[in-house]
$ cat entry-v5.cif   # mmCIF, C-alpha atoms (C1' of nucleotides)
data_my_file
#
loop_
_atom_site.label_atom_id
_atom_site.label_comp_id
_atom_site.auth_asym_id
_atom_site.auth_seq_id
_atom_site.Cartn_x
_atom_site.Cartn_y
_atom_site.Cartn_z
CA MET A 1 -42.91 -29.49 5.45
CA GLU A 2 -40.37 -31.99 4.27
CA LYS A 3 -38.28 -29.64 2.21
CA LEU A 4 -38.25 -25.93 1.64
CA ASP A 5 -39.43 -24.75 -1.71
CA ASP A 6 -38.22 -21.69 -3.53
CA ILE A 7 -40.83 -19.43 -1.95
CA ASP A 8 -39.80 -20.50 1.56
CA LEU A 9 -36.18 -19.74 0.78
CA LYS A 10 -37.09 -16.34 -0.57
CA ILE A 11 -39.04 -15.57 2.59
CA LEU A 12 -36.08 -16.61 4.74
CA ARG A 13 -33.70 -14.49 2.68
CA ILE A 14 -35.94 -11.47 3.16
CA LEU A 15 -36.48 -11.94 6.88
CA GLN A 16 -32.85 -12.57 7.74
CA LYS A 17 -32.08 -9.21 6.14
CA ASN A 18 -34.99 -7.33 7.65
CA SER A 19 -37.52 -8.93 9.92
CA LYS A 20 -39.61 -5.75 10.09
CA LYS A 21 -40.93 -6.34 6.62
CA THR A 22 -44.62 -6.93 7.02
CA THR A 23 -46.29 -10.06 5.77
CA LYS A 24 -47.98 -7.84 3.22
CA GLU A 25 -44.71 -6.41 1.94
CA VAL A 26 -43.14 -9.84 1.69
CA ALA A 27 -46.21 -11.06 -0.15
CA GLN A 28 -45.94 -8.24 -2.66
CA MET A 29 -42.28 -9.02 -3.29
CA LEU A 30 -43.31 -12.59 -4.11
CA ASN A 31 -46.45 -11.76 -6.06
CA LEU A 32 -48.67 -13.44 -3.52
CA THR A 33 -51.31 -12.40 -1.02
CA ALA A 34 -50.69 -12.10 2.68
CA SER A 35 -52.35 -15.33 3.83
CA PRO A 36 -50.07 -17.92 2.26
CA VAL A 37 -47.00 -15.92 3.24
CA TYR A 38 -48.36 -15.66 6.76
CA GLU A 39 -48.89 -19.43 6.90
CA ARG A 40 -45.44 -20.16 5.53
CA ILE A 41 -43.74 -17.89 8.03
CA ARG A 42 -45.65 -19.57 10.84
CA ARG A 43 -44.50 -22.95 9.62
CA LEU A 44 -40.91 -21.79 9.29
CA GLU A 45 -41.07 -20.59 12.88
CA ASN A 46 -42.73 -23.70 14.24
CA LYS A 47 -40.41 -26.06 12.43
CA GLY A 48 -37.44 -24.14 13.80
CA TYR A 49 -36.02 -22.77 10.57
CA ILE A 50 -36.47 -19.35 12.12
CA LYS A 51 -35.04 -19.48 15.63
CA LYS A 52 -35.83 -15.98 16.81
CA TYR A 53 -36.21 -12.34 15.91
CA VAL A 54 -33.79 -9.85 17.37
CA ALA A 55 -32.75 -6.23 17.22
CA LEU A 56 -29.08 -5.74 16.36
CA LEU A 57 -27.53 -2.92 18.35
CA ASP A 58 -24.62 -0.62 17.62
CA LYS A 59 -21.78 -1.59 19.90
CA ILE A 60 -19.90 1.66 19.38
CA GLN A 61 -22.85 3.82 20.41
CA LEU A 62 -23.49 1.52 23.35
CA ASN A 63 -19.90 1.90 24.46
CA ARG A 64 -18.72 -1.64 23.82
CA PRO A 65 -16.08 -0.83 21.19
CA ILE A 66 -13.58 -3.55 22.09
CA THR A 67 -13.95 -6.98 20.56
CA ALA A 68 -11.46 -9.62 21.56
CA VAL A 69 -11.00 -13.13 20.32
CA CYS A 70 -9.59 -15.54 22.87
CA MET A 71 -8.08 -18.87 22.02
CA VAL A 72 -8.17 -21.18 25.00
CA SER A 73 -6.59 -24.57 25.54
CA LEU A 74 -7.52 -26.62 28.54
CA ARG A 75 -5.06 -28.39 30.74
CA TYR A 76 -7.20 -31.48 31.25
CA HIS A 77 -9.59 -32.87 28.68
CA ASN A 78 -11.82 -35.23 30.63
CA GLU A 79 -15.51 -34.95 29.92
CA GLY A 80 -16.20 -33.46 33.31
CA PHE A 81 -13.60 -30.76 32.87
CA ILE A 82 -14.89 -29.76 29.48
CA ASP A 83 -18.49 -29.59 30.65
CA LYS A 84 -17.50 -27.52 33.64
CA PHE A 85 -15.53 -25.09 31.52
CA GLU A 86 -18.47 -24.68 29.18
CA SER A 87 -20.96 -24.01 31.92
CA GLN A 88 -18.66 -21.48 33.55
CA ILE A 89 -18.18 -19.65 30.25
CA LYS A 90 -21.92 -19.41 29.75
CA GLU A 91 -22.15 -17.46 32.99
CA LEU A 92 -19.97 -14.69 31.59
CA LYS A 93 -22.23 -12.12 29.99
CA GLU A 94 -19.35 -10.46 28.18
CA VAL A 95 -18.80 -13.61 26.09
CA GLN A 96 -20.88 -13.34 22.93
CA GLU A 97 -19.69 -16.56 21.35
CA CYS A 98 -17.91 -19.69 22.48
CA TYR A 99 -17.00 -22.57 20.20
CA HIS A 100 -15.40 -25.88 20.95
CA MET A 101 -12.84 -26.32 18.19
CA ALA A 102 -11.07 -29.13 16.44
CA GLY A 103 -7.32 -28.80 16.43
CA LYS A 104 -4.57 -27.56 18.64
CA VAL A 105 -6.81 -24.99 20.31
CA ASP A 106 -9.80 -26.12 22.34
CA PHE A 107 -12.04 -23.04 22.40
CA PHE A 108 -12.60 -19.77 20.62
CA LEU A 109 -14.29 -17.01 22.58
CA LYS A 110 -15.55 -13.69 21.25
CA ILE A 111 -15.76 -11.07 23.93
CA ASN A 112 -17.18 -7.56 23.90
CA LEU A 113 -16.13 -4.87 26.32
CA GLN A 114 -15.94 -1.14 26.89
CA SER A 115 -12.18 -0.81 26.91
CA LEU A 116 -8.85 -2.58 26.95
CA ASP A 117 -8.76 -1.87 30.62
CA ALA A 118 -12.04 -3.68 31.03
CA TYR A 119 -10.53 -6.60 29.12
CA HIS A 120 -7.62 -6.66 31.48
CA GLU A 121 -10.00 -6.78 34.41
CA PHE A 122 -12.13 -9.39 32.69
CA VAL A 123 -9.17 -11.72 32.29
CA ARG A 124 -7.86 -10.97 35.76
CA LEU A 125 -11.12 -11.32 37.65
CA LYS A 126 -13.23 -13.70 35.60
CA LEU A 127 -11.38 -15.82 33.06
CA SER A 128 -8.49 -16.55 35.37
CA LYS A 129 -10.97 -17.75 37.97
CA ILE A 130 -11.93 -20.58 35.68
CA GLU A 131 -9.75 -23.52 36.55
CA ASN A 132 -8.25 -25.79 33.98
CA ILE A 133 -7.28 -23.12 31.45
CA GLY A 134 -3.88 -24.10 30.14
CA VAL A 135 -3.12 -21.59 27.40
CA LEU A 136 -4.90 -18.30 26.81
CA GLU A 137 -4.09 -16.23 23.77
CA SER A 138 -5.85 -12.93 23.08
CA TYR A 139 -6.40 -11.14 19.80
CA PHE A 140 -8.06 -7.78 19.32
CA VAL A 141 -10.25 -6.58 16.50
CA LEU A 142 -8.83 -3.47 14.88
CA LYS A 143 -11.63 -3.13 12.41
CA GLU A 144 -14.77 -4.97 11.58
CA ILE A 145 -14.54 -5.49 7.86
CA HIS A 146 -17.73 -7.44 7.52
CA SER A 147 -20.21 -8.92 9.93
CA THR A 148 -23.62 -10.39 9.29
CA THR A 149 -26.02 -12.84 10.89
CA GLU A 150 -27.22 -13.93 7.46
CA PHE A 151 -26.55 -17.33 6.01
CA PHE A 152 -25.88 -17.76 2.33
CA ILE A 153 -28.90 -19.84 1.35
CA MET B 1 -31.02 12.16 23.01
CA GLU B 2 -27.68 12.85 24.57
CA LYS B 3 -27.56 9.83 26.80
CA LEU B 4 -29.69 6.79 27.27
CA ASP B 5 -31.70 6.61 30.44
CA ASP B 6 -32.63 3.49 32.31
CA ILE B 7 -35.86 3.00 30.37
CA ASP B 8 -34.02 3.17 27.04
CA LEU B 9 -31.57 0.53 28.21
CA LYS B 10 -34.38 -1.72 29.34
CA ILE B 11 -36.06 -1.38 25.96
CA LEU B 12 -32.81 -2.29 24.20
CA ARG B 13 -32.29 -5.29 26.43
CA ILE B 14 -35.76 -6.54 25.63
CA LEU B 15 -35.54 -5.99 21.88
CA GLN B 16 -32.12 -7.55 21.46
CA LYS B 17 -33.56 -10.68 23.04
CA ASN B 18 -36.83 -10.68 21.16
CA SER B 19 -37.77 -8.03 18.66
CA LYS B 20 -41.24 -9.50 18.19
CA LYS B 21 -42.37 -8.16 21.52
CA THR B 22 -45.04 -5.64 20.72
CA THR B 23 -44.76 -2.05 21.82
CA LYS B 24 -47.65 -2.73 24.10
CA GLU B 25 -45.95 -5.71 25.75
CA VAL B 26 -42.75 -3.76 26.26
CA ALA B 27 -44.79 -0.94 27.75
CA GLN B 28 -46.42 -3.31 30.21
CA MET B 29 -43.04 -4.68 31.26
CA LEU B 30 -41.96 -1.12 32.04
CA ASN B 31 -45.23 0.04 33.58
CA LEU B 32 -45.83 2.55 30.83
CA THR B 33 -48.32 3.04 28.03
CA ALA B 34 -47.58 2.28 24.41
CA SER B 35 -47.04 5.86 23.25
CA PRO B 36 -43.84 6.77 25.09
CA VAL B 37 -42.34 3.36 24.40
CA TYR B 38 -43.21 3.75 20.75
CA GLU B 39 -41.51 7.16 20.64
CA ARG B 40 -38.43 5.89 22.43
CA ILE B 41 -38.02 2.94 20.08
CA ARG B 42 -38.33 5.28 17.11
CA ARG B 43 -35.64 7.49 18.56
CA LEU B 44 -33.36 4.53 19.27
CA GLU B 45 -33.78 3.48 15.65
CA ASN B 46 -33.24 6.93 14.21
CA LYS B 47 -30.19 7.65 16.34
CA GLY B 48 -28.68 4.35 15.26
CA TYR B 49 -28.64 2.54 18.59
CA ILE B 50 -30.79 -0.08 16.90
CA LYS B 51 -29.15 -0.92 13.59
CA LYS B 52 -31.62 -3.39 12.23
CA TYR B 53 -34.10 -6.14 12.95
CA VAL B 54 -33.36 -9.62 11.68
CA ALA B 55 -34.58 -13.19 11.82
CA LEU B 56 -31.94 -15.63 13.06
CA LEU B 57 -32.05 -18.89 11.16
CA ASP B 58 -31.06 -22.42 12.11
CA LYS B 59 -27.93 -23.31 10.20
CA ILE B 60 -28.31 -27.03 10.80
CA GLN B 61 -31.82 -27.17 9.35
CA LEU B 62 -30.70 -25.00 6.46
CA ASN B 63 -27.88 -27.39 5.75
CA ARG B 64 -24.98 -25.16 6.67
CA PRO B 65 -23.60 -27.22 9.54
CA ILE B 66 -19.93 -26.45 9.04
CA THR B 67 -18.46 -23.35 10.63
CA ALA B 68 -14.82 -22.65 10.01
CA VAL B 69 -12.59 -19.98 11.43
CA CYS B 70 -9.77 -18.91 9.15
CA MET B 71 -6.76 -16.99 10.28
CA VAL B 72 -5.16 -15.16 7.41
CA SER B 73 -1.90 -13.29 7.19
CA LEU B 74 -1.13 -11.19 4.18
CA ARG B 75 2.14 -11.23 2.33
CA TYR B 76 2.23 -7.48 1.71
CA HIS B 77 0.76 -4.91 4.02
CA ASN B 78 0.55 -1.74 1.92
CA GLU B 79 -2.72 0.15 2.20
CA GLY B 80 -3.72 -0.81 -1.31
CA PHE B 81 -3.20 -4.51 -0.68
CA ILE B 82 -5.21 -4.45 2.52
CA ASP B 83 -8.11 -2.57 0.92
CA LYS B 84 -8.13 -4.94 -1.99
CA PHE B 85 -8.17 -7.99 0.25
CA GLU B 86 -11.06 -6.56 2.23
CA SER B 87 -13.16 -5.79 -0.81
CA GLN B 88 -12.53 -9.23 -2.25
CA ILE B 89 -13.57 -10.88 1.01
CA LYS B 90 -16.82 -8.92 1.06
CA GLU B 91 -17.73 -10.52 -2.25
CA LEU B 92 -17.69 -13.98 -0.73
CA LYS B 93 -21.19 -14.73 0.53
CA GLU B 94 -20.00 -17.69 2.58
CA VAL B 95 -18.01 -15.35 4.83
CA GLN B 96 -20.20 -14.25 7.71
CA GLU B 97 -17.60 -12.24 9.55
CA CYS B 98 -14.23 -10.74 8.74
CA TYR B 99 -12.11 -8.82 11.22
CA HIS B 100 -8.82 -7.03 10.78
CA MET B 101 -6.83 -8.03 13.84
CA ALA B 102 -3.98 -6.67 15.88
CA GLY B 103 -1.12 -9.08 16.32
CA LYS B 104 0.65 -11.75 14.40
CA VAL B 105 -2.42 -12.64 12.38
CA ASP B 106 -3.98 -10.09 10.05
CA PHE B 107 -7.53 -11.34 9.62
CA PHE B 108 -10.07 -13.64 11.20
CA LEU B 109 -12.79 -15.01 8.97
CA LYS B 110 -15.86 -16.95 10.02
CA ILE B 111 -17.21 -19.09 7.23
CA ASN B 112 -20.36 -21.16 6.96
CA LEU B 113 -20.75 -24.05 4.60
CA GLN B 114 -22.68 -27.23 3.88
CA SER B 115 -19.78 -29.66 4.29
CA LEU B 116 -16.07 -30.10 4.70
CA ASP B 117 -15.98 -30.86 1.02
CA ALA B 118 -17.57 -27.52 0.33
CA TYR B 119 -14.91 -25.93 2.50
CA HIS B 120 -12.22 -27.60 0.48
CA GLU B 121 -13.78 -26.25 -2.69
CA PHE B 122 -14.22 -22.84 -1.12
CA VAL B 123 -10.52 -22.60 -0.31
CA ARG B 124 -9.48 -24.06 -3.62
CA LEU B 125 -11.72 -21.99 -5.86
CA LYS B 126 -12.32 -18.76 -3.96
CA LEU B 127 -9.90 -18.01 -1.16
CA SER B 128 -6.87 -19.11 -3.11
CA LYS B 129 -7.90 -16.82 -5.93
CA ILE B 130 -7.33 -13.85 -3.64
CA GLU B 131 -3.77 -12.74 -4.14
CA ASN B 132 -1.56 -11.65 -1.34
CA ILE B 133 -2.57 -14.29 1.19
CA GLY B 134 0.61 -15.40 2.92
CA VAL B 135 -0.53 -17.78 5.62
CA LEU B 136 -3.92 -19.45 5.88
CA GLU B 137 -4.79 -21.51 8.92
CA SER B 138 -8.18 -23.20 9.29
CA TYR B 139 -10.04 -24.23 12.42
CA PHE B 140 -13.35 -26.01 12.58
CA VAL B 141 -16.13 -25.65 15.07
CA LEU B 142 -16.94 -28.96 16.74
CA LYS B 143 -19.72 -27.54 18.86
CA GLU B 144 -21.33 -24.21 19.40
CA ILE B 145 -21.24 -23.79 23.15
CA HIS B 146 -22.78 -20.34 23.18
CA SER B 147 -23.68 -17.80 20.55
CA THR B 148 -25.69 -14.63 20.85
CA THR B 149 -26.05 -11.31 19.09
CA GLU B 150 -26.78 -9.61 22.40
CA PHE B 151 -24.47 -7.13 24.04
CA PHE B 152 -24.11 -7.01 27.78
CA ILE B 153 -25.52 -3.55 28.47
"C1'" DT C 1 -42.55 13.03 29.11
"C1'" DC C 2 -46.38 10.83 30.09
"C1'" DT C 3 -51.72 9.37 29.46
"C1'" DG C 4 -55.63 8.35 26.84
"C1'" DA C 5 -58.50 8.39 22.67
"C1'" DA C 6 -59.09 7.87 17.69
"C1'" DA C 7 -57.74 6.47 13.04
"C1'" DC C 8 -55.42 3.38 10.53
"C1'" DC C 9 -53.28 -0.76 9.30
"C1'" DT C 10 -51.69 -5.50 9.91
"C1'" DA C 11 -52.09 -9.99 11.65
"C1'" DT C 12 -54.88 -13.78 11.84
"C1'" DA C 13 -58.65 -16.90 10.88
"C1'" DA C 14 -62.39 -18.69 8.16
"C1'" DA C 15 -64.74 -19.82 3.95
"C1'" DC C 16 -64.01 -20.80 -0.70
"C1'" DT C 17 -61.36 -21.94 -5.37
"C1'" DA D 1 -51.67 -24.05 -2.01
"C1'" DG D 2 -53.78 -20.03 -3.20
"C1'" DT D 3 -57.52 -15.78 -2.98
"C1'" DT D 4 -60.96 -13.11 -0.69
"C1'" DT D 5 -63.27 -11.41 3.22
"C1'" DA D 6 -63.88 -10.21 8.09
"C1'" DT D 7 -62.31 -8.77 12.49
"C1'" DA D 8 -59.46 -8.37 16.73
"C1'" DG D 9 -55.62 -6.11 18.16
"C1'" DG D 10 -51.41 -3.42 17.44
"C1'" DT D 11 -49.34 0.88 15.51
"C1'" DT D 12 -49.26 5.53 15.13
"C1'" DT D 13 -50.75 10.27 15.87
"C1'" DC D 14 -52.18 13.92 18.67
"C1'" DA D 15 -54.49 16.75 22.21
"C1'" DG D 16 -53.93 17.57 26.88
"C1'" DA D 17 -51.74 16.98 31.64
#

$ encode --input "entry-v5.cif" --output "structure tokens"
Amino acid sequence: MEKLDDIDLKILRILQKNSKKTTKEVAQMLNLTASPVYERIRRLENKGYIKKYVALLDKIQLNRPITAVCMVSLRYHNEGFIDKFESQIKELKEVQECYHMAGKVDFFLKINLQSLDAYHEFVRLKLSKIENIGVLESYFVLKEIHSTTEFFI
Amino acid sequence: MEKLDDIDLKILRILQKNSKKTTKEVAQMLNLTASPVYERIRRLENKGYIKKYVALLDKIQLNRPITAVCMVSLRYHNEGFIDKFESQIKELKEVQECYHMAGKVDFFLKINLQSLDAYHEFVRLKLSKIENIGVLESYFVLKEIHSTTEFFI
DNA sequence: TCTGAAACCTATAAACT
DNA sequence: AGTTTATAGGTTTCAGA
């Protein structure tokens, strides 16, 4: 599979919206039979175009209503310090996303918690335990306007 | 279902990691038979704890390597202006996430594109066409340290 | 709420166009 | 690359504990 053809892209568009669609249903949408669609999906998985299949949960119902975005700048920027920061962040289960950024801020973190109080404790007990954090600026999500795992392909 | 019990939570933890696990496999992990697990998953879906099932794709292989975070502040903050901004943002397929924030910045956007050039064009042709944007600050992801759709439950 | 059995359907593979 | 056919195994339902 050197390049994806139009059918592959259509399959990916369908599955990133709803991975519970059966091979048969996808095949019908594409005017094909199940076998070729089955083979294509297998290839897309094996080649890594599809990384995984997951259930997306409702954070409100699961009592994780608070989403915070943290902008972090390190004090020291040696390779060792950066690697250590990254590995320490990965230990924190509350951190959903962590990106190393270009620009005046070093890292963006997205954090999910049950309450503002829990955020306070999170910063006090966990983030502050990570050495080498120079500046820490917190922002809170008031409302999720739009959020998807889909890519525009 | 008033509250989730321990078995429900275990099911959710499994499915948010890998929704391809069969009912039977999940049942085995919990020392149960398929039937009760099947019923529980159905209930978790119907009650909205599980919102949807999706395939997560590889943005690099799909040629969307650039992730930008945009911080936007509006010029005017009347209800009408905010609603209009939000509905215009939802039209932009490149925007994966948009949050209304508390603090000195009004919105965070996460945008996925094929190149920095495409980002330039995106700002020039699409974002700038949205009226009422006061300040627009762009950050680029150098490296994804950690990214998951899972909640810590 | 669970177990276990039965019916049904899908995933998967093989043989062929 | 696709269709058709065959079958193992999972999904789904339900009676009973």

$ calpha_fit_and_write --input "entry-v5.cif" --fixed "chain A" --moving "chain B" --output "mmCIF file with C-alpha atoms, in the frame of the given file"
data_model
loop_
_atom_site.group_PDB
_atom_site.id
_atom_site.type_symbol
_atom_site.label_atom_id
_atom_site.label_comp_id
_atom_site.auth_asym_id
_atom_site.auth_seq_id
_atom_site.Cartn_x
_atom_site.Cartn_y
_atom_site.Cartn_z
ATOM 1 C CA MET B 1 -42.959 -29.491 5.582
ATOM 2 C CA GLU B 2 -40.449 -32.010 4.389
ATOM 3 C CA LYS B 3 -38.382 -29.673 2.298
ATOM 4 C CA LEU B 4 -38.340 -25.980 1.699
ATOM 5 C CA ASP B 5 -39.514 -24.802 -1.671
ATOM 6 C CA ASP B 6 -38.288 -21.774 -3.521
ATOM 7 C CA ILE B 7 -40.864 -19.469 -1.945
ATOM 8 C CA ASP B 8 -39.841 -20.536 1.565
ATOM 9 C CA LEU B 9 -36.211 -19.797 0.777
ATOM 10 C CA LYS B 10 -37.096 -16.391 -0.583
ATOM 11 C CA ILE B 11 -39.044 -15.598 2.569
ATOM 12 C CA LEU B 12 -36.079 -16.633 4.720
ATOM 13 C CA ARG B 13 -33.697 -14.539 2.673
ATOM 14 C CA ILE B 14 -35.908 -11.513 3.118
ATOM 15 C CA LEU B 15 -36.469 -11.958 6.846
ATOM 16 C CA GLN B 16 -32.843 -12.602 7.709
ATOM 17 C CA LYS B 17 -32.060 -9.266 6.089
ATOM 18 C CA ASN B 18 -34.940 -7.343 7.583
ATOM 19 C CA SER B 19 -37.496 -8.901 9.863
ATOM 20 C CA LYS B 20 -39.545 -5.705 9.987
ATOM 21 C CA LYS B 21 -40.847 -6.283 6.504
ATOM 22 C CA THR B 22 -44.545 -6.811 6.903
ATOM 23 C CA THR B 23 -46.229 -9.962 5.713
ATOM 24 C CA LYS B 24 -47.939 -7.842 3.145
ATOM 25 C CA GLU B 25 -44.673 -6.414 1.808
ATOM 26 C CA VAL B 26 -43.113 -9.852 1.596
ATOM 27 C CA ALA B 27 -46.207 -11.066 -0.218
ATOM 28 C CA GLN B 28 -45.910 -8.278 -2.760
ATOM 29 C CA MET B 29 -42.256 -9.107 -3.368
ATOM 30 C CA LEU B 30 -43.308 -12.675 -4.148
ATOM 31 C CA ASN B 31 -46.457 -11.827 -6.092
ATOM 32 C CA LEU B 32 -48.685 -13.454 -3.520
ATOM 33 C CA THR B 33 -51.313 -12.345 -1.041
ATOM 34 C CA ALA B 34 -50.691 -12.013 2.664
ATOM 35 C CA SER B 35 -52.416 -15.223 3.748
ATOM 36 C CA PRO B 36 -50.113 -17.853 2.253
ATOM 37 C CA VAL B 37 -47.033 -15.876 3.232
ATOM 38 C CA TYR B 38 -48.381 -15.574 6.742
ATOM 39 C CA GLU B 39 -48.943 -19.340 6.922
ATOM 40 C CA ARG B 40 -45.507 -20.107 5.541
ATOM 41 C CA ILE B 41 -43.766 -17.831 8.028
ATOM 42 C CA ARG B 42 -45.686 -19.475 10.857
ATOM 43 C CA ARG B 43 -44.582 -22.871 9.643
ATOM 44 C CA LEU B 44 -40.962 -21.756 9.305
ATOM 45 C CA GLU B 45 -41.121 -20.527 12.889
ATOM 46 C CA ASN B 46 -42.804 -23.620 14.256
ATOM 47 C CA LYS B 47 -40.483 -26.019 12.462
ATOM 48 C CA GLY B 48 -37.502 -24.124 13.826
ATOM 49 C CA TYR B 49 -36.062 -22.775 10.590
ATOM 50 C CA ILE B 50 -36.520 -19.340 12.117
ATOM 51 C CA LYS B 51 -35.084 -19.464 15.621
ATOM 52 C CA LYS B 52 -35.851 -15.983 16.779
ATOM 53 C CA TYR B 53 -36.229 -12.338 15.881
ATOM 54 C CA VAL B 54 -33.795 -9.852 17.352
ATOM 55 C CA ALA B 55 -32.747 -6.228 17.203
ATOM 56 C CA LEU B 56 -29.068 -5.764 16.361
ATOM 57 C CA LEU B 57 -27.524 -2.953 18.353
ATOM 58 C CA ASP B 58 -24.604 -0.645 17.650
ATOM 59 C CA LYS B 59 -21.765 -1.623 19.935
ATOM 60 C CA ILE B 60 -19.895 1.631 19.430
ATOM 61 C CA GLN B 61 -22.842 3.790 20.475
ATOM 62 C CA LEU B 62 -23.491 1.471 23.394
ATOM 63 C CA ASN B 63 -19.916 1.860 24.506
ATOM 64 C CA ARG B 64 -18.713 -1.653 23.842
ATOM 65 C CA PRO B 65 -16.091 -0.843 21.224
ATOM 66 C CA ILE B 66 -13.593 -3.542 22.111
ATOM 67 C CA THR B 67 -13.973 -6.982 20.587
ATOM 68 C CA ALA B 68 -11.473 -9.603 21.592
ATOM 69 C CA VAL B 69 -11.009 -13.115 20.339
ATOM 70 C CA CYS B 70 -9.578 -15.516 22.886
ATOM 71 C CA MET B 71 -8.085 -18.844 22.037
ATOM 72 C CA VAL B 72 -8.147 -21.156 25.002
ATOM 73 C CA SER B 73 -6.576 -24.537 25.524
ATOM 74 C CA LEU B 74 -7.484 -26.596 28.525
ATOM 75 C CA ARG B 75 -5.006 -28.354 30.735
ATOM 76 C CA TYR B 76 -7.132 -31.468 31.225
ATOM 77 C CA HIS B 77 -9.526 -32.828 28.672
ATOM 78 C CA ASN B 78 -11.737 -35.242 30.618
ATOM 79 C CA GLU B 79 -15.444 -34.950 29.899
ATOM 80 C CA GLY B 80 -16.115 -33.469 33.305
ATOM 81 C CA PHE B 81 -13.518 -30.743 32.873
ATOM 82 C CA ILE B 82 -14.826 -29.764 29.465
ATOM 83 C CA ASP B 83 -18.440 -29.608 30.655
ATOM 84 C CA LYS B 84 -17.443 -27.545 33.628
ATOM 85 C CA PHE B 85 -15.488 -25.092 31.509
ATOM 86 C CA GLU B 86 -18.430 -24.697 29.163
ATOM 87 C CA SER B 87 -20.927 -24.031 31.914
ATOM 88 C CA GLN B 88 -18.625 -21.509 33.540
ATOM 89 C CA ILE B 89 -18.164 -19.676 30.244
ATOM 90 C CA LYS B 90 -21.920 -19.445 29.754
ATOM 91 C CA GLU B 91 -22.132 -17.496 32.994
ATOM 92 C CA LEU B 92 -19.961 -14.726 31.615
ATOM 93 C CA LYS B 93 -22.245 -12.167 29.993
ATOM 94 C CA GLU B 94 -19.361 -10.480 28.200
ATOM 95 C CA VAL B 95 -18.810 -13.613 26.108
ATOM 96 C CA GLN B 96 -20.891 -13.376 22.959
ATOM 97 C CA GLU B 97 -19.702 -16.570 21.356
ATOM 98 C CA CYS B 98 -17.899 -19.688 22.490
ATOM 99 C CA TYR B 99 -16.977 -22.558 20.199
ATOM 100 C CA HIS B 100 -15.361 -25.883 20.946
ATOM 101 C CA MET B 101 -12.822 -26.298 18.171
ATOM 102 C CA ALA B 102 -11.038 -29.106 16.420
ATOM 103 C CA GLY B 103 -7.288 -28.764 16.396
ATOM 104 C CA LYS B 104 -4.548 -27.505 18.601
ATOM 105 C CA VAL B 105 -6.776 -24.959 20.289
ATOM 106 C CA ASP B 106 -9.762 -26.089 22.332
ATOM 107 C CA PHE B 107 -11.995 -23.030 22.400
ATOM 108 C CA PHE B 108 -12.580 -19.752 20.626
ATOM 109 C CA LEU B 109 -14.274 -17.002 22.579
ATOM 110 C CA LYS B 110 -15.556 -13.701 21.258
ATOM 111 C CA ILE B 111 -15.760 -11.076 23.951
ATOM 112 C CA ASN B 112 -17.184 -7.576 23.936
ATOM 113 C CA LEU B 113 -16.131 -4.894 26.339
ATOM 114 C CA GLN B 114 -15.981 -1.158 26.949
ATOM 115 C CA SER B 115 -12.191 -0.820 26.960
ATOM 116 C CA LEU B 116 -8.869 -2.579 26.991
ATOM 117 C CA ASP B 117 -8.785 -1.876 30.682
ATOM 118 C CA ALA B 118 -12.056 -3.696 31.066
ATOM 119 C CA TYR B 119 -10.542 -6.590 29.156
ATOM 120 C CA HIS B 120 -7.631 -6.673 31.529
ATOM 121 C CA GLU B 121 -10.032 -6.786 34.450
ATOM 122 C CA PHE B 122 -12.147 -9.396 32.717
ATOM 123 C CA VAL B 123 -9.174 -11.723 32.326
ATOM 124 C CA ARG B 124 -7.875 -10.996 35.783
ATOM 125 C CA LEU B 125 -11.132 -11.348 37.677
ATOM 126 C CA LYS B 126 -13.238 -13.730 35.606
ATOM 127 C CA LEU B 127 -11.371 -15.820 33.074
ATOM 128 C CA SER B 128 -8.499 -16.567 35.395
ATOM 129 C CA LYS B 129 -10.961 -17.766 37.995
ATOM 130 C CA ILE B 130 -11.921 -20.613 35.679
ATOM 131 C CA GLU B 131 -9.706 -23.529 36.540
ATOM 132 C CA ASN B 132 -8.203 -25.779 33.973
ATOM 133 C CA ILE B 133 -7.239 -23.123 31.441
ATOM 134 C CA GLY B 134 -3.819 -24.077 30.126
ATOM 135 C CA VAL B 135 -3.089 -21.567 27.401
ATOM 136 C CA LEU B 136 -4.875 -18.278 26.818
ATOM 137 C CA GLU B 137 -4.068 -16.197 23.775
ATOM 138 C CA SER B 138 -5.830 -12.895 23.083
ATOM 139 C CA TYR B 139 -6.404 -11.102 19.800
ATOM 140 C CA PHE B 140 -8.074 -7.764 19.329
ATOM 141 C CA VAL B 141 -10.261 -6.570 16.527
ATOM 142 C CA LEU B 142 -8.851 -3.446 14.897
ATOM 143 C CA LYS B 143 -11.682 -3.110 12.424
ATOM 144 C CA GLU B 144 -14.823 -4.954 11.584
ATOM 145 C CA ILE B 145 -14.560 -5.482 7.856
ATOM 146 C CA HIS B 146 -17.771 -7.446 7.526
ATOM 147 C CA SER B 147 -20.247 -8.932 9.943
ATOM 148 C CA THR B 148 -23.651 -10.408 9.302
ATOM 149 C CA THR B 149 -26.030 -12.873 10.889
ATOM 150 C CA GLU B 150 -27.213 -13.973 7.458
ATOM 151 C CA PHE B 151 -26.550 -17.382 6.003
ATOM 152 C CA PHE B 152 -25.898 -17.816 2.326
ATOM 153 C CA ILE B 153 -28.933 -19.885 1.356
#

$ interface_residues --input "entry-v5.cif" --of "chain B" --to "chain D" --cutoff "12 Å" --atoms "all atoms listed in the file" --output "list in words"
Lys20, Lys21, Thr22, Thr23, Lys24, Glu25, Ala34, Ser35, Pro36, Val37, Tyr38, Glu39 and Arg42 of chain B

$ closest_atom_pairs --input "entry-v5.cif" --of "chain C" --to "chain A" --cutoff "9 Å" --atoms "all atoms listed in the file" --output "JSON lines"
{"residue": "C:DT10", "atom": "C1'", "partner": "A:Thr22", "partner_atom": "CA", "distance": 7.8}
{"residue": "C:DA11", "atom": "C1'", "partner": "A:Thr23", "partner_atom": "CA", "distance": 8.3}
{"residue": "C:DT12", "atom": "C1'", "partner": "A:Tyr38", "partner_atom": "CA", "distance": 8.5}
